[in-house]
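Undergrad: Okay, so here is target.cif, and as you'll see once you scroll down, it has mmCIF, C-alpha atoms.
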```
data_structure
loop_
_atom_site.label_atom_id
_atom_site.label_comp_id
_atom_site.auth_asym_id
_atom_site.auth_seq_id
_atom_site.Cartn_x
_atom_site.Cartn_y
_atom_site.Cartn_z
CA VAL A 1 3.30 4.67 -31.64
CA ILE A 2 5.92 2.78 -33.64
CA THR A 3 3.41 0.06 -34.53
CA ASP A 4 0.33 2.27 -35.09
CA LEU A 5 0.51 2.18 -38.90
CA ILE A 6 0.89 -1.59 -38.91
CA GLN A 7 -1.95 -2.03 -36.39
CA GLU A 8 -4.38 -0.09 -38.56
CA GLU A 9 -3.99 -2.69 -41.32
CA LEU A 10 -4.55 -5.70 -39.05
CA PRO A 11 -7.81 -7.58 -38.49
CA GLU A 12 -9.73 -7.46 -35.21
CA ILE A 13 -9.09 -10.52 -33.03
CA PRO A 14 -11.92 -11.79 -30.80
CA LYS A 15 -11.21 -11.84 -27.06
CA SER A 16 -11.79 -15.62 -26.99
CA VAL A 17 -8.60 -16.02 -29.05
CA TRP A 18 -6.36 -14.33 -26.54
CA THR A 19 -7.79 -15.10 -23.08
CA ASP A 20 -9.86 -17.57 -21.12
CA GLY A 21 -10.47 -14.83 -18.54
CA LYS A 22 -7.65 -15.99 -16.28
CA THR A 23 -4.62 -16.39 -18.53
CA LEU A 24 -3.38 -15.24 -21.90
CA LEU A 25 -3.73 -17.91 -24.56
CA VAL A 26 -0.41 -17.14 -26.21
CA ASP A 27 -0.42 -20.30 -28.33
CA LYS A 28 -3.79 -19.33 -29.84
CA LEU A 29 -2.56 -15.78 -30.45
CA LEU A 30 0.55 -17.05 -32.21
CA ARG A 31 -1.47 -19.48 -34.34
CA ALA A 32 -3.67 -16.55 -35.38
CA PHE A 33 -0.51 -14.60 -36.16
CA GLN A 34 0.83 -17.48 -38.27
CA THR A 35 -2.38 -17.36 -40.35
CA PHE A 36 -2.09 -13.59 -40.72
CA TRP A 37 1.60 -13.87 -41.63
CA LYS A 38 0.99 -16.58 -44.24
CA ASN A 39 -1.71 -14.44 -45.89
CA ASP A 40 -0.14 -10.98 -45.58
CA SER A 41 3.64 -11.26 -45.19
CA ASP A 42 4.23 -10.22 -48.79
CA SER A 43 3.13 -6.71 -47.88
CA PHE A 44 6.18 -6.35 -45.61
CA PRO A 45 9.77 -5.93 -46.90
CA LYS A 46 11.92 -9.06 -46.83
CA GLN A 47 15.38 -7.57 -46.70
CA ILE A 48 17.05 -4.69 -44.93
CA LYS A 49 17.74 -2.99 -48.25
CA ASP A 50 13.97 -2.84 -48.81
CA PHE A 51 13.74 -0.47 -45.85
CA ALA A 52 15.96 2.07 -47.61
CA ALA A 53 17.97 3.91 -44.95
CA ILE A 54 16.25 2.31 -41.98
CA ARG A 55 18.57 -0.21 -40.34
CA LEU A 56 16.03 -2.72 -39.08
CA ASP A 57 16.15 -6.48 -39.36
CA GLU A 58 15.00 -8.67 -36.49
CA ALA A 59 13.52 -5.58 -34.86
CA THR A 60 11.21 -5.11 -37.85
CA HIS A 61 9.72 -8.54 -37.26
CA VAL A 62 9.42 -7.84 -33.54
CA PHE A 63 7.41 -4.69 -34.37
CA ILE A 64 5.14 -6.56 -36.79
CA LEU A 65 4.40 -9.26 -34.20
CA MET A 66 4.03 -6.64 -31.49
CA ALA A 67 1.55 -4.67 -33.62
CA PHE A 68 -0.48 -7.83 -34.19
CA LEU A 69 -0.50 -8.64 -30.47
CA GLN A 70 -1.36 -5.04 -29.54
CA ARG A 71 -4.26 -5.03 -31.97
CA ALA A 72 -5.45 -8.43 -30.70
CA ILE A 73 -5.46 -7.70 -26.99
CA ASN A 74 -6.25 -3.98 -27.40
CA GLY A 75 -5.77 -2.83 -23.84
CA GLY A 76 -6.81 -6.12 -22.21
CA ALA A 77 -3.21 -6.87 -21.30
CA ASP A 78 0.06 -4.97 -21.31
CA ILE A 79 2.72 -5.33 -23.98
CA PHE A 80 6.31 -4.28 -23.44
CA ARG A 81 9.12 -4.11 -25.96
CA GLU A 82 12.09 -5.21 -23.95
CA SER A 83 15.28 -3.23 -24.36
CA SER A 84 17.40 -6.16 -25.43
CA GLU A 85 20.45 -4.51 -26.93
CA GLY A 86 23.47 -6.14 -25.37
CA ARG A 87 21.51 -7.78 -22.55
CA GLY A 88 20.20 -10.89 -24.26
CA ALA A 89 16.69 -10.04 -23.09
CA VAL A 90 13.52 -11.43 -24.60
CA ASP A 91 11.95 -9.16 -27.20
CA ILE A 92 8.31 -8.98 -26.05
CA ARG A 93 6.82 -9.29 -22.58
CA LEU A 94 3.06 -9.55 -22.19
CA THR A 95 1.49 -9.18 -18.76
CA TYR A 96 -1.99 -10.24 -17.76
CA ASN A 97 -3.38 -10.89 -14.28
CA ASN A 98 0.07 -10.35 -12.72
CA HIS A 99 1.68 -13.01 -14.92
CA SER A 100 4.39 -12.47 -17.55
CA TYR A 101 4.45 -14.13 -20.95
CA LEU A 102 7.82 -13.86 -22.68
CA ILE A 103 8.31 -14.00 -26.44
CA GLU A 104 11.67 -14.05 -28.23
CA VAL A 105 11.85 -13.32 -31.97
CA LYS A 106 14.56 -14.63 -34.30
CA LEU A 107 15.19 -14.76 -38.03
CA ALA A 108 15.75 -18.24 -39.48
CA THR A 109 18.80 -17.03 -41.41
CA LYS A 110 20.55 -15.86 -38.25
CA ILE A 111 19.43 -18.33 -35.62
CA ASN A 112 21.51 -20.60 -33.45
CA LEU A 113 18.79 -22.61 -31.69
CA THR A 114 20.96 -23.56 -28.74
CA LYS A 115 21.81 -19.91 -28.06
CA ALA A 116 18.18 -18.88 -28.59
CA TYR A 117 16.96 -21.48 -26.08
CA ASP A 118 19.63 -20.41 -23.58
CA GLN A 119 18.61 -16.78 -24.00
CA VAL A 120 14.94 -17.57 -23.39
CA ILE A 121 15.78 -19.73 -20.35
CA ARG A 122 17.98 -17.00 -18.81
CA TYR A 123 15.18 -14.50 -19.18
CA LEU A 124 12.52 -16.92 -17.90
CA ASP A 125 14.71 -17.58 -14.88
CA SER A 126 15.17 -13.87 -14.21
CA ARG A 127 11.37 -13.40 -14.27
CA GLY A 128 10.58 -16.55 -12.27
CA GLU A 129 8.69 -18.10 -15.19
CA LYS A 130 8.88 -21.66 -16.52
CA GLU A 131 7.31 -21.21 -19.97
CA GLY A 132 8.28 -18.96 -22.88
CA TRP A 133 7.80 -18.60 -26.63
CA LEU A 134 10.24 -18.42 -29.52
CA VAL A 135 8.94 -17.10 -32.85
CA ILE A 136 11.16 -17.81 -35.86
CA PHE A 137 10.55 -15.85 -39.06
CA ASP A 138 11.65 -17.55 -42.27
CA ARG A 139 11.55 -15.22 -45.30
CA ASP A 140 13.17 -17.76 -47.66
CA ASP A 141 11.06 -17.67 -50.86
CA PRO A 142 11.82 -21.16 -52.15
CA LYS A 143 10.43 -22.74 -48.98
CA SER A 144 6.75 -23.63 -48.87
CA TRP A 145 4.44 -22.34 -46.16
CA ASP A 146 4.14 -25.93 -44.91
CA GLU A 147 7.87 -25.77 -44.15
CA LYS A 148 7.74 -22.29 -42.59
CA ILE A 149 4.62 -22.64 -40.43
CA TYR A 150 5.08 -25.05 -37.55
CA GLU A 151 4.71 -25.40 -33.81
CA ARG A 152 7.05 -27.35 -31.53
CA VAL A 153 7.58 -27.70 -27.81
CA GLN A 154 11.09 -27.90 -26.38
CA GLU A 155 11.57 -29.01 -22.76
CA ILE A 156 14.94 -28.01 -21.28
CA ASN A 157 15.87 -28.36 -17.59
CA GLY A 158 12.32 -27.81 -16.35
CA TYR A 159 11.58 -24.96 -18.77
CA THR A 160 9.10 -25.16 -21.63
CA ILE A 161 9.82 -23.23 -24.81
CA ARG A 162 7.05 -23.17 -27.39
CA VAL A 163 8.52 -22.60 -30.84
CA PHE A 164 6.40 -21.11 -33.61
CA GLY A 165 7.65 -20.94 -37.18
CA CYS A 166 6.41 -18.08 -39.36
#
```
Please express the file's structure as structure tokens.

TA:
Amino acid sequence: VITDLIQEELPEIPKSVWTDGKTLLVDKLLRAFQTFWKNDSDSFPKQIKDFAAIRLDEATHVFILMAFLQRAINGGADIFRESSEGRGAVDIRLTYNNHSYLIEVKLATKINLTKAYDQVIRYLDSRGEKEGWLVIFDRDDPKSWDEKIYERVQEINGYTIRVFGC
């Protein structure tokens, strides 16, 4: 319900972008999101003050990504907004064919990469997973999109964290 208004404005995403029939293709979904974000991010507020009395920051970006993912997979998988307040939990959990896909969202202005990686690894470990995703939103106007949009893979102690810049 929280993301319904955002979802209505988002494009349809073909099933071939998000699944091969056995697994979720999270990297492809996040690349599609990067394209959407590059083209349409100006329609979303950049600062907390732009939300008037609503006190949202990182959560706003979680909801935007979550709305995109919900629209893309449209009932073909389950999406959960993790209750992360005070627990250090990952922000979004997707499930498909009894497998969890964990996505953490951070803002570039507030990120400590070491802590973010540790947070993702703790949550991966608690779910028995070895691969997770970290999406970093950079709303810094002077930066070019070539600087903001990137994809990296970080291997740490047997865990794989796929980092997507937006």

Undergrad: Just the residues within 9 Å of stretch 20-34 of chain A, please, counting all atoms listed in the file, with nothing from its chain fewer than 6 positions along; format it as a ChimeraX atom specification.

TA: /A:13,65,68-69,72,77,94-97,99,101,133,135,149-151,162,164-166

Undergrad: By how many Å are atom CA of A:Arg81 and atom CA of A:Arg93 apart?

TA: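 Separation of atom CA of A:Arg81 and atom CA of A:Arg93: 6.6 Å.
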
Undergrad: One number please: atom CA of A:Leu134 to atom CA of A:Leu102, in Å, one decimal.

TA: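 Computed distance, atom CA of A:Leu134 to atom CA of A:Leu102, equals 8.6 Å.
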
Undergrad: Give me the residues within 9 Å of A:Lys106 as a list in words, counting only C-alpha atoms and dropping any in the same chain fewer than 4 places off.

TA: Glu58, His61, Val62, Lys110, Ile111, Ala116, Leu134, Val135, Ile136, Phe137 and Asp138 of chain A

Undergrad: List the residues sitting within 10 Å of (-10.6, -3.8, -28.4) in the file's frame, using all atoms listed in the file, as a list in words.

TA: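 Protein and nucleic acid residues near the point are Glu12, Ile13, Pro14, Lys15, Gln70, Arg71, Ala72, Ile73, Asn74, Gly75 and Gly76 of chain A.
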
Undergrad: For stretch 109-122 of chain A, take all atoms listed in the file, fit an axis-aligned box around them, add 5 Å to each of the six sides, then output centre and edge lengths in Å rounded to one decimal, as JSON.

TA:
```
{"center_x": 18.4, "center_y": -19.7, "center_z": -30.1, "size_x": 16.9, "size_y": 17.7, "size_z": 32.6}
```

Undergrad: Let me make sure I understand: among A:Glu104, A:Glu131, A:Asp118, A:Glu155, which one has the smallest atom-to-atom distance to A:Glu82 if we use only C-alpha atoms?

TA: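 With only C-alpha atoms as the atom set, the closest residue is A:Glu104.
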
Undergrad: Quick one: distance from atom CA of A:Ala59 to atom CA of A:Ile92 in Å, one decimal?

TA: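 Spanning atom CA of A:Ala59 to atom CA of A:Ile92 is a straight-line distance of 10.8 Å.
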
Undergrad: If you count only C-alpha atoms, which residues fall within 10 Å of A:Glu129, apart from same-chain ones fewer than 4 positions away, as a list in words?

TA: His99, Ser100, Tyr101, Leu102, Ile121, Tyr123, Leu124, Asp125, Tyr159 and Thr160 of chain A
